[in-house]
file run.cif (mmCIF, C-alpha atoms)
data_coords
#
loop_
_atom_site.label_atom_id
_atom_site.label_comp_id
_atom_site.auth_asym_id
_atom_site.auth_seq_id
_atom_site.Cartn_x
_atom_site.Cartn_y
_atom_site.Cartn_z
CA MET A 16 103.18 101.64 106.05
CA ARG A 17 104.63 103.38 109.07
CA ALA A 18 101.14 104.00 110.44
CA SER A 19 100.47 100.27 110.38
CA TRP A 20 103.90 99.58 111.82
CA THR A 21 103.47 101.85 114.83
CA GLU A 22 99.88 100.74 115.31
CA ALA A 23 101.26 97.24 115.80
CA GLY A 24 103.47 98.61 118.58
CA ARG A 25 106.67 98.60 116.59
CA ASN A 26 109.44 101.19 116.32
CA ASN A 27 109.76 102.84 112.92
CA ASP A 28 113.53 102.47 113.12
CA ASP A 29 113.04 98.70 112.88
CA LEU A 30 111.08 98.82 109.62
CA ALA A 31 113.03 97.40 106.68
CA ALA A 32 111.49 99.09 103.63
CA THR A 33 112.55 98.11 100.13
CA ALA A 34 111.61 100.08 97.03
CA PHE A 35 111.58 98.05 93.81
CA ALA A 36 111.91 99.96 90.55
CA LEU A 37 112.78 99.74 86.91
CA GLY A 38 114.60 102.50 85.12
CA CYS A 39 117.42 103.63 82.91
CA VAL A 40 120.45 105.78 83.62
CA LEU A 41 120.27 108.30 80.79
CA THR A 42 123.22 110.05 79.25
CA GLU A 43 123.00 113.86 79.05
CA GLY A 44 120.35 114.77 76.48
CA GLU A 45 119.16 111.20 75.94
CA ALA A 46 115.40 110.91 75.39
CA PHE A 47 113.08 109.09 77.78
CA ASP A 48 112.08 106.83 74.90
CA SER A 49 115.55 106.19 73.49
CA PRO A 50 116.19 102.56 72.50
CA ARG A 51 118.05 101.98 75.79
CA ALA A 52 115.35 103.58 77.89
CA MET A 53 112.63 101.73 76.02
CA ALA A 54 114.40 98.42 76.62
CA GLN A 55 115.27 99.01 80.28
CA ALA A 56 112.36 101.09 81.58
CA GLY A 57 109.69 100.51 78.93
CA PRO A 58 108.60 97.23 80.53
CA ARG A 59 107.75 99.09 83.74
CA ALA A 60 105.70 101.67 81.83
CA ALA A 61 103.92 98.82 80.06
CA VAL A 62 102.77 97.47 83.44
CA VAL A 63 100.48 100.49 83.65
CA LEU A 64 98.99 99.47 80.31
CA HIS A 65 98.58 95.85 81.37
CA ARG A 66 96.84 96.79 84.60
CA ALA A 67 94.45 99.15 82.84
CA ALA A 68 93.62 96.38 80.37
CA ASP A 69 93.15 93.85 83.20
CA GLU A 70 90.58 96.18 84.72
CA ALA A 71 88.76 96.72 81.43
CA ILE A 72 88.82 93.06 80.42
CA ALA A 73 88.24 91.27 83.71
CA GLY A 74 87.42 93.90 86.33
CA LEU A 75 90.67 93.26 88.22
CA LEU A 76 91.81 96.06 90.50
CA ASN A 77 94.06 98.66 88.87
CA SER A 78 96.17 100.02 91.70
CA SER A 79 98.57 101.81 89.32
CA GLY A 80 96.30 104.68 88.48
CA ILE A 81 96.36 106.56 85.20
CA PRO A 82 98.99 109.33 84.85
CA ASP A 83 97.22 112.36 83.33
CA ALA A 84 99.87 112.92 80.66
CA SER A 85 99.45 109.36 79.39
CA ALA A 86 95.67 108.90 79.64
CA ASP A 87 95.19 108.84 75.86
CA ALA A 88 98.01 106.35 75.30
CA ILE A 89 96.65 104.06 78.00
CA ALA A 90 93.13 104.26 76.59
CA GLY A 91 94.56 103.42 73.18
CA TYR A 92 96.26 100.30 74.50
CA VAL A 93 93.15 99.18 76.36
CA ALA A 94 91.12 99.46 73.14
CA HIS A 95 93.82 97.46 71.35
CA ALA A 96 93.89 94.79 74.07
CA MET A 97 90.14 94.25 73.84
CA ASP A 98 90.79 92.52 70.52
CA TYR A 99 93.39 90.10 71.88
CA GLN A 100 92.78 86.44 71.14
CA PRO A 101 91.70 84.00 72.33
CA ALA A 102 88.72 86.09 73.39
CA ASP A 103 88.24 84.10 76.58
CA ALA A 104 91.90 84.50 77.56
CA LYS A 105 92.95 87.98 76.54
CA TYR A 106 95.28 88.00 79.55
CA LEU A 107 97.69 85.73 77.69
CA GLU A 108 98.66 88.40 75.17
CA ASN A 109 98.16 91.22 77.65
CA HIS A 110 100.84 89.85 79.97
CA ARG A 111 103.28 88.50 77.40
CA GLY A 112 106.64 90.16 78.06
CA HIS A 113 105.42 91.64 81.35
CA LEU A 114 108.33 93.36 83.13
CA MET A 115 110.70 91.94 80.50
CA PHE A 116 110.14 93.60 77.12
CA VAL A 117 107.81 95.94 75.28
CA LYS A 118 105.69 94.03 72.78
CA PRO A 119 105.95 95.43 69.24
CA GLU A 120 102.23 96.18 69.14
CA GLU A 121 102.30 98.08 72.44
CA ARG A 122 105.37 100.15 71.55
CA GLN A 123 103.25 103.06 70.27
CA TYR A 124 101.53 103.34 73.67
CA VAL A 125 104.73 103.26 75.75
CA THR A 126 105.44 106.93 75.38
CA ALA A 127 108.33 109.03 76.65
CA GLU A 128 105.93 110.61 79.14
CA LEU A 129 104.79 107.24 80.48
CA ILE A 130 108.39 106.10 80.98
CA ARG A 131 109.25 109.42 82.65
CA ASP A 132 106.28 109.21 85.03
CA THR A 133 106.41 105.52 86.00
CA SER A 134 110.08 104.61 86.24
CA PHE A 135 113.43 105.74 87.59
CA THR A 136 114.69 107.02 84.26
CA ALA A 137 116.85 110.12 84.40
CA THR A 138 120.46 111.25 84.32
CA GLU A 139 122.87 109.81 86.85
CA ALA A 140 122.86 113.03 88.88
CA GLU A 141 119.07 113.17 89.01
CA LEU A 142 118.78 109.50 89.95
CA LYS A 143 121.22 110.02 92.82
CA ASN A 144 118.94 112.80 94.07
CA ARG A 145 115.83 110.63 93.79
CA ILE A 146 117.38 107.65 95.54
CA GLY A 147 118.76 109.96 98.19
CA ASP A 148 115.21 111.24 98.74
CA LEU A 149 114.02 107.66 99.26
CA ARG A 150 116.83 107.04 101.73
CA ASP A 151 116.09 110.25 103.61
CA ALA A 152 112.41 109.33 103.78
CA GLY A 153 113.29 106.03 105.44
CA TYR A 154 113.69 103.41 102.74
CA SER A 155 116.46 101.01 103.68
CA GLN A 156 116.96 99.35 100.29
CA PHE A 157 116.60 100.44 96.66
CA THR A 158 116.24 97.52 94.30
CA ILE A 159 116.49 97.93 90.56
CA GLN A 160 115.17 95.28 88.21
CA ILE A 161 117.55 94.30 85.43
CA VAL A 162 115.66 93.48 82.24
CA PRO A 163 116.60 90.36 80.23
CA GLY A 164 119.04 91.33 77.48
CA GLN A 165 120.04 94.53 79.31
CA GLU A 166 122.37 92.94 81.85
CA ASP A 167 125.10 95.52 81.26
CA ALA A 168 122.82 98.10 82.88
CA ILE A 169 123.85 96.74 86.27
CA ASP A 170 127.16 98.59 85.89
CA ASP A 171 125.30 101.91 85.42
CA TRP A 172 123.42 101.29 88.66
CA GLY A 173 126.59 100.06 90.35
CA ARG A 174 128.16 103.49 89.76
CA ILE A 175 125.22 105.15 91.47
CA PHE A 176 125.32 102.64 94.31
CA LYS A 177 128.99 103.46 94.98
CA THR A 178 128.13 107.07 95.80
CA PHE A 179 125.89 105.84 98.63
CA SER A 180 128.39 103.45 100.19
CA MET B 16 121.13 102.47 102.27
CA GLU B 17 121.47 99.07 100.64
CA PHE B 18 121.04 98.32 96.96
CA GLY B 19 119.48 95.22 95.43
CA ILE B 20 118.68 93.85 92.02
CA ALA B 21 115.47 92.20 90.93
CA LEU B 22 115.44 89.56 88.24
CA ALA B 23 112.86 88.28 85.82
CA THR B 24 114.24 84.87 86.71
CA ALA B 25 116.38 83.09 84.13
CA ALA B 26 117.95 79.65 84.50
CA ASP B 27 121.34 81.36 84.57
CA SER B 28 120.41 84.32 86.75
CA TRP B 29 123.34 83.33 88.93
CA LYS B 30 125.58 85.22 86.48
CA LEU B 31 123.86 88.51 87.23
CA ALA B 32 123.66 87.71 90.94
CA LEU B 33 127.42 87.12 90.91
CA ARG B 34 128.05 90.40 89.09
CA ALA B 35 125.80 92.18 91.61
CA GLU B 36 127.82 90.65 94.43
CA GLU B 37 131.04 91.88 92.82
CA LEU B 38 129.57 95.39 92.65
CA GLY B 39 128.55 95.29 96.30
CA PHE B 40 124.79 94.91 95.95
CA SER B 41 123.23 93.43 99.07
CA THR B 42 120.38 91.32 97.68
CA ALA B 43 119.21 89.61 94.49
CA TRP B 44 115.45 89.11 94.33
CA PHE B 45 114.04 86.43 92.02
CA TYR B 46 110.54 86.77 90.54
CA ASP B 47 108.16 83.85 90.99
CA THR B 48 106.40 84.19 87.64
CA GLN B 49 106.04 80.68 86.30
CA MET B 50 104.32 81.53 83.00
CA LEU B 51 106.80 84.27 82.11
CA SER B 52 110.21 83.30 83.39
CA ALA B 53 112.28 80.47 84.86
CA ASP B 54 111.69 78.71 88.17
CA CYS B 55 112.87 80.87 91.06
CA PHE B 56 114.05 78.10 93.38
CA VAL B 57 116.10 76.31 90.73
CA ALA B 58 117.74 79.60 89.72
CA MET B 59 118.33 80.57 93.36
CA GLY B 60 119.98 77.21 93.97
CA ALA B 61 122.51 77.90 91.26
CA ALA B 62 123.06 81.41 92.61
CA ALA B 63 123.50 80.05 96.13
CA VAL B 64 126.34 77.84 94.92
CA LYS B 65 128.01 80.47 92.75
CA THR B 66 127.93 83.40 95.20
CA GLU B 67 129.37 83.93 98.67
CA ARG B 68 127.97 87.11 100.20
CA ILE B 69 124.90 88.46 98.43
CA ARG B 70 121.49 87.69 99.94
CA LEU B 71 119.06 85.74 97.74
CA GLY B 72 115.34 86.30 98.02
CA THR B 73 112.09 85.29 96.43
CA GLY B 74 110.73 88.57 95.19
CA VAL B 75 108.00 87.68 95.61
CA LEU B 76 106.86 84.13 96.05
CA ILE B 77 103.22 83.44 95.26
CA PRO B 78 101.83 80.96 97.81
CA THR B 79 99.33 79.40 95.41
CA ASN B 80 102.18 78.23 93.18
CA ARG B 81 103.18 75.49 95.61
CA ILE B 82 102.02 74.03 98.93
CA ALA B 83 103.53 75.47 102.11
CA PRO B 84 105.68 72.44 103.07
CA VAL B 85 107.31 72.51 99.62
CA THR B 86 108.17 76.18 100.06
CA ALA B 87 109.46 75.59 103.60
CA ASN B 88 111.65 72.80 102.27
CA ALA B 89 112.91 74.87 99.33
CA LEU B 90 113.84 77.77 101.59
CA ALA B 91 115.61 75.46 104.05
CA THR B 92 117.40 73.74 101.16
CA LEU B 93 118.65 77.08 99.88
CA ASN B 94 119.61 77.99 103.43
CA HIS B 95 121.90 74.96 103.46
CA LEU B 96 123.61 76.12 100.28
CA ALA B 97 123.78 79.79 101.37
CA PRO B 98 123.52 79.79 105.17
CA GLY B 99 121.86 82.90 106.55
CA ARG B 100 121.61 84.53 103.13
CA ILE B 101 118.03 83.63 102.23
CA ASP B 102 115.06 86.02 102.21
CA PHE B 103 111.46 84.83 101.99
CA GLY B 104 109.63 87.52 100.03
CA VAL B 105 105.94 86.78 99.63
CA GLY B 106 102.81 88.42 98.26
CA THR B 107 99.25 87.66 97.25
CA GLY B 108 100.29 87.58 93.60
CA PHE B 109 100.09 90.02 90.75
CA THR B 110 102.14 89.07 87.71
CA GLY B 111 102.28 85.31 88.23
CA ARG B 112 98.54 85.01 88.85
CA ARG B 113 97.34 87.55 86.31
CA ALA B 114 99.30 85.74 83.62
CA MET B 115 96.93 82.86 84.34
CA GLY B 116 93.85 85.10 84.35
CA MET B 117 93.50 85.33 88.11
CA GLY B 118 93.42 88.13 90.64
CA ALA B 119 95.23 88.15 93.97
CA MET B 120 94.78 85.32 96.46
CA LYS B 121 93.07 85.93 99.80
CA LEU B 122 95.22 87.67 102.38
CA ALA B 123 94.04 85.33 105.15
CA ASP B 124 95.21 82.36 103.10
CA MET B 125 98.64 83.96 102.67
CA GLU B 126 98.88 84.54 106.41
CA GLU B 127 98.06 80.90 107.07
CA TYR B 128 100.66 79.88 104.48
CA ILE B 129 103.35 81.98 106.17
CA ARG B 130 102.38 80.47 109.54
CA ILE B 131 102.92 76.95 108.24
CA VAL B 132 106.20 77.78 106.46
CA HIS B 133 107.60 79.44 109.56
CA GLY B 134 106.39 76.71 111.87
CA LEU B 135 107.93 73.94 109.80
CA ILE B 136 111.28 75.73 109.60
CA ALA B 137 111.13 76.29 113.36
CA GLY B 138 110.78 72.53 113.80
CA ASP B 139 107.21 72.60 115.03
CA VAL B 140 104.44 70.13 114.34
CA MET B 141 102.01 72.12 112.23
CA GLU B 142 98.38 71.54 111.49
CA ALA B 143 97.72 72.21 107.82
CA GLU B 144 94.79 71.52 105.55
CA PHE B 145 95.28 69.31 102.52
CA GLU B 146 92.53 68.01 100.25
CA GLY B 147 89.86 69.09 102.70
CA ARG B 148 91.39 67.52 105.82
CA THR B 149 93.57 68.98 108.54
CA ARG B 150 96.72 66.95 109.14
CA LYS B 151 99.72 67.26 111.39
CA ILE B 152 103.00 67.71 109.50
CA LYS B 153 106.66 68.36 110.41
CA PHE B 154 110.13 67.93 108.97
CA LEU B 155 110.99 64.39 110.01
CA ASN B 156 114.78 64.32 109.70
CA PRO B 157 116.23 67.81 110.24
CA GLU B 158 119.12 66.33 112.23
CA LEU B 159 120.56 64.76 109.08
CA GLY B 160 121.70 68.15 107.82
CA LEU B 161 120.12 67.77 104.40
CA ILE B 162 118.50 71.16 104.88
CA ASN B 163 119.29 74.12 107.13
CA THR B 164 116.60 75.22 109.58
CA ARG B 165 119.02 76.91 111.98
CA GLU B 166 120.09 80.15 110.34
CA PRO B 167 117.24 82.69 110.21
CA ILE B 168 115.32 83.25 106.99
CA ALA B 169 114.02 86.81 106.87
CA LEU B 170 110.40 87.44 105.91
CA HIS B 171 109.42 90.30 103.59
CA VAL B 172 105.87 91.03 102.46
CA SER B 173 104.76 92.88 99.35
CA ALA B 174 101.96 95.05 100.70
CA TYR B 175 99.91 97.75 98.95
CA GLY B 176 96.63 97.92 100.86
CA PRO B 177 95.88 98.67 104.52
CA ARG B 178 95.10 95.07 105.45
CA SER B 179 98.28 93.66 103.92
CA ARG B 180 100.31 96.40 105.59
CA ALA B 181 98.68 95.59 108.92
CA LEU B 182 99.70 91.97 108.39
CA THR B 183 103.26 93.02 107.52
CA ALA B 184 103.43 94.98 110.76
CA LYS B 185 101.82 92.22 112.79
CA LEU B 186 104.47 89.79 111.54
CA GLY B 187 107.31 92.31 111.92
CA ALA B 188 108.28 91.58 108.34
CA GLY B 189 110.24 93.65 105.89
CA TRP B 190 108.07 95.67 103.52
CA LEU B 191 108.38 95.52 99.73
CA PHE B 192 106.91 98.23 97.52
CA PHE B 193 107.12 98.78 93.76
CA ALA B 194 107.99 102.45 93.25
CA GLY B 195 107.22 104.32 90.06
CA ASP B 196 108.19 107.73 91.38
CA VAL B 197 109.59 109.25 94.54
CA GLY B 198 106.46 111.10 95.60
CA THR B 199 104.25 108.02 95.54
CA ALA B 200 106.91 105.90 97.22
CA VAL B 201 107.40 108.37 100.05
CA ALA B 202 103.66 108.87 100.50
CA ASN B 203 103.21 105.11 100.85
CA LEU B 204 105.97 104.82 103.43
#

call {"tool": "encode", "arguments": {"input": "run.cif", "output": "C-alpha cells"}}
result
Amino acid sequence: MRASWTEAGRNNDDLAATAFALGCVLTEGEAFDSPRAMAQAGPRAAVVLHRAADEAIAGLLNSSGIPDASADAIAGYVAHAMDYQPADAKYLENHRGHLMFVKPEERQYVTAELIRDTSFTATEAELKNRIGDLRDAGYSQFTIQIVPGQEDAIDDWGRIFKTFS
Amino acid sequence: MEFGIALATAADSWKLALRAEELGFSTAWFYDTQMLSADCFVAMGAAAVKTERIRLGTGVLIPTNRIAPVTANALATLNHLAPGRIDFGVGTGFTGRRAMGMGAMKLADMEEYIRIVHGLIAGDVMEAEFEGRTRKIKFLNPELGLINTREPIALHVSAYGPRSRALTAKLGAGWLFFAGDVGTAVANL
C-alpha cells in the first residue's frame, strides 16, 4: 500500500491504515478450537472455506490463499459445498453465517490450525505483541470484529486496548 | 494506535457501539451485508443518537446496494446526528455481493460513485447517469439544516489489489485491510 501511496506523491506519515481482524483472547492453556474461540474466531476461519468454495463453484477469485496446514480441511469443505442446494445457487448455503457463526456442517472443517493461522487468537500477552507489531509497522488502527452473541468479548479486547493508550 | 470494533450489523448495534465508546474505542464500523445482517444506515442512525464521541463508519459500504445520491444523503443525515463523527468506508464488495452470487463490482464504477457522493456533499452540481441518461443532480435545500454537509466525512477504501490501492492513494483515502496474521498484514502495508 505504501508503494502506491508514495507513487501518488503522498507522505507515508499521512496514510491512515486500519487492520480489521477477528479473534479470541485465550486464557492460558485454552485450545484454539475451544467453544469460545470457535464462536469468536471460527467465523473468520470459515471465510477461508467460503472463498475456496466460491472459486470452485463459480470461479470467483480466492484472494485468501490456502494455508498449508489446513489444505485437507479446506478441500473437504469444498467437496461438501459442491452438494449445496439449490444447485444453481450454492452460494446461499455457502455464505450463510458468514463472519457471524460457524455452520454446524462446516464445524469439522474449521480446525484449530485454521483458526490459529487466520485469526488473532492467542493469549493476551501474545496478542499485545502482535498488535504492537502492527503498530510498529505503521498501522494506525486495529479493529476487531465482535461476533453476534459474543458481545462480552469486547471487554477482553478493551483490556488489551488499555495497554496501548 | 487507535482501536475500533467491526459489527455484523444488528438493529441494536448501538448497544455495542456505546460499550465501545465507554471503553475508549475510536471507531465502530458497520458491515453493509444486506442478505446477512441488518441495514447499516438504520443501525448507524441509532448509534449516532446514543453515542457522543465514537466515530461511526460504513465498513464497508457496497456501492451497488444503493444509488450514489442516496448514499450521499444517508451520510449527510448521519453527519447531522453525529457531526464530524462519520466515516465513509467503501469497497467493491465481497460478502454482500457474494451472498447474492456475484463477484466484485468494477473499480472504475466505484470511483465514479465516490466522485458523485463527494461532489453532492460538497454542494456541487454533479452529472450522474441514471437509467441510461446523464442528468445533473444536487442537494436542493442544504440551507434548511435537515442534513449536515459541513463537517468533513472521511473516506476509507478497502483495497487488496494494486489498482484499488492506486485509487486509494489517488484519493488520499484511509486504507482498510482484513488481516489474518501479522506477517501478511505487514507485507501488504

call {"tool": "atom_distance", "arguments": {"input": "run.cif", "atom1": "CA of Phe45 in chain B", "atom2": "CA of Ala18 in chain A"}}
result
28.5 Å

call {"tool": "atom_distance", "arguments": {"input": "run.cif", "atom1": "CA of Leu37 in chain A", "atom2": "CA of Gly60 in chain B"}}
result
24.7 Å

call {"tool": "resolve_selection", "arguments": {"input": "run.cif", "expression": "the PyMOL selection byres ((chain B and resi 140-157) around 9)", "output": "list in words"}}
result
Ile82, Ala83, Pro84, Asn88, Glu127, Tyr128, Arg130, Ile131, Gly134, Leu135, Ile136, Gly138, Asp139, Glu158, Leu159, Gly160, Leu161, Ile162, Asn163 and Thr164 of chain B

call {"tool": "interface_residues", "arguments": {"input": "run.cif", "of": "chain A", "to": "chain B", "cutoff": "7 Å", "atoms": "only C-alpha atoms", "output": "number ranges by chain"}}
result
A: 16-17, 19-20, 23, 30-36, 75, 106-107, 110, 115, 132-135, 145, 149-150, 152, 155-162, 173, 176, 179

call {"tool": "atom_distance", "arguments": {"input": "run.cif", "atom1": "CA of Ala32 in chain B", "atom2": "CA of Gly72 in chain B"}}
result
11.0 Å

call {"tool": "residues_around", "arguments": {"input": "run.cif", "residues": "Arg131 in chain A", "least_positions_apart": "6", "cutoff": "9 Å", "atoms": "all atoms listed in the file", "output": "ChimeraX atom specification"}}
result
/A:47-48,56,60,137 /B:196

call {"tool": "closest_residue", "arguments": {"input": "run.cif", "among": "A:Glu121, A:Glu108, A:Glu22, A:Asp171", "to": "Val63 in chain A", "atoms": "only C-alpha atoms"}}
result
A:Glu121

call {"tool": "closest_residue", "arguments": {"input": "run.cif", "among": "B:Ile69, B:Thr199, B:Leu170, B:Arg165", "to": "Asn94 in chain B", "atoms": "only C-alpha atoms"}}
result
B:Arg165

call {"tool": "residues_around", "arguments": {"input": "run.cif", "residues": "range 79-81 of chain B", "least_positions_apart": "5", "cutoff": "9 Å", "atoms": "all atoms listed in the file", "output": "PyMOL selection string"}}
result
chain B and resi 47+49+86+107-108+111-112+120+125

call {"tool": "residues_around", "arguments": {"input": "run.cif", "residues": "Ala26 in chain B", "least_positions_apart": "4", "cutoff": "9 Å", "atoms": "only C-alpha atoms", "output": "short mmCIF file (atom, residue, chain, number, x, y, z; two decimals) with C-alpha atoms, in the frame of the given file"}}
result
data_model
loop_
_atom_site.label_atom_id
_atom_site.label_comp_id
_atom_site.auth_asym_id
_atom_site.auth_seq_id
_atom_site.Cartn_x
_atom_site.Cartn_y
_atom_site.Cartn_z
CA SER B 52 110.21 83.30 83.39
CA ALA B 53 112.28 80.47 84.86
CA ASP B 54 111.69 78.71 88.17
CA CYS B 55 112.87 80.87 91.06
CA VAL B 57 116.10 76.31 90.73
CA ALA B 58 117.74 79.60 89.72
CA MET B 59 118.33 80.57 93.36
CA ALA B 61 122.51 77.90 91.26
#

call {"tool": "residues_around", "arguments": {"input": "run.cif", "residues": "Thr126 in chain A", "least_positions_apart": "3", "cutoff": "8 Å", "atoms": "all atoms listed in the file", "output": "PDB file with C-alpha atoms, in the frame of the given file"}}
result
ATOM      1  CA  ASP A  48     112.080 106.830  74.900  1.00  0.00           C
ATOM      2  CA  SER A  85      99.450 109.360  79.390  1.00  0.00           C
ATOM      3  CA  ALA A  88      98.010 106.350  75.300  1.00  0.00           C
ATOM      4  CA  ARG A 122     105.370 100.150  71.550  1.00  0.00           C
ATOM      5  CA  GLN A 123     103.250 103.060  70.270  1.00  0.00           C
ATOM      6  CA  LEU A 129     104.790 107.240  80.480  1.00  0.00           C
ATOM      7  CA  ILE A 130     108.390 106.100  80.980  1.00  0.00           C
TER       8      ILE A 130
END

call {"tool": "axis_aligned_box", "arguments": {"input": "run.cif", "around": "range 123-142 of chain A", "padding_each_side": "8 Å", "output": "JSON"}}
result
{"center_x": 112.2, "center_y": 108.1, "center_z": 80.1, "size_x": 37.3, "size_y": 26.1, "size_z": 35.7}

call {"tool": "residues_around", "arguments": {"input": "run.cif", "residues": "Gly99 in chain B", "least_positions_apart": "5", "cutoff": "8 Å", "atoms": "only C-alpha atoms", "output": "list in words"}}
result
Asn94, Glu166, Pro167 and Ile168 of chain B

call {"tool": "closest_residue", "arguments": {"input": "run.cif", "among": "B:Leu90, B:Asp102, B:Pro78, B:Ala97", "to": "Leu122 in chain B", "atoms": "all atoms listed in the file"}}
result
B:Pro78
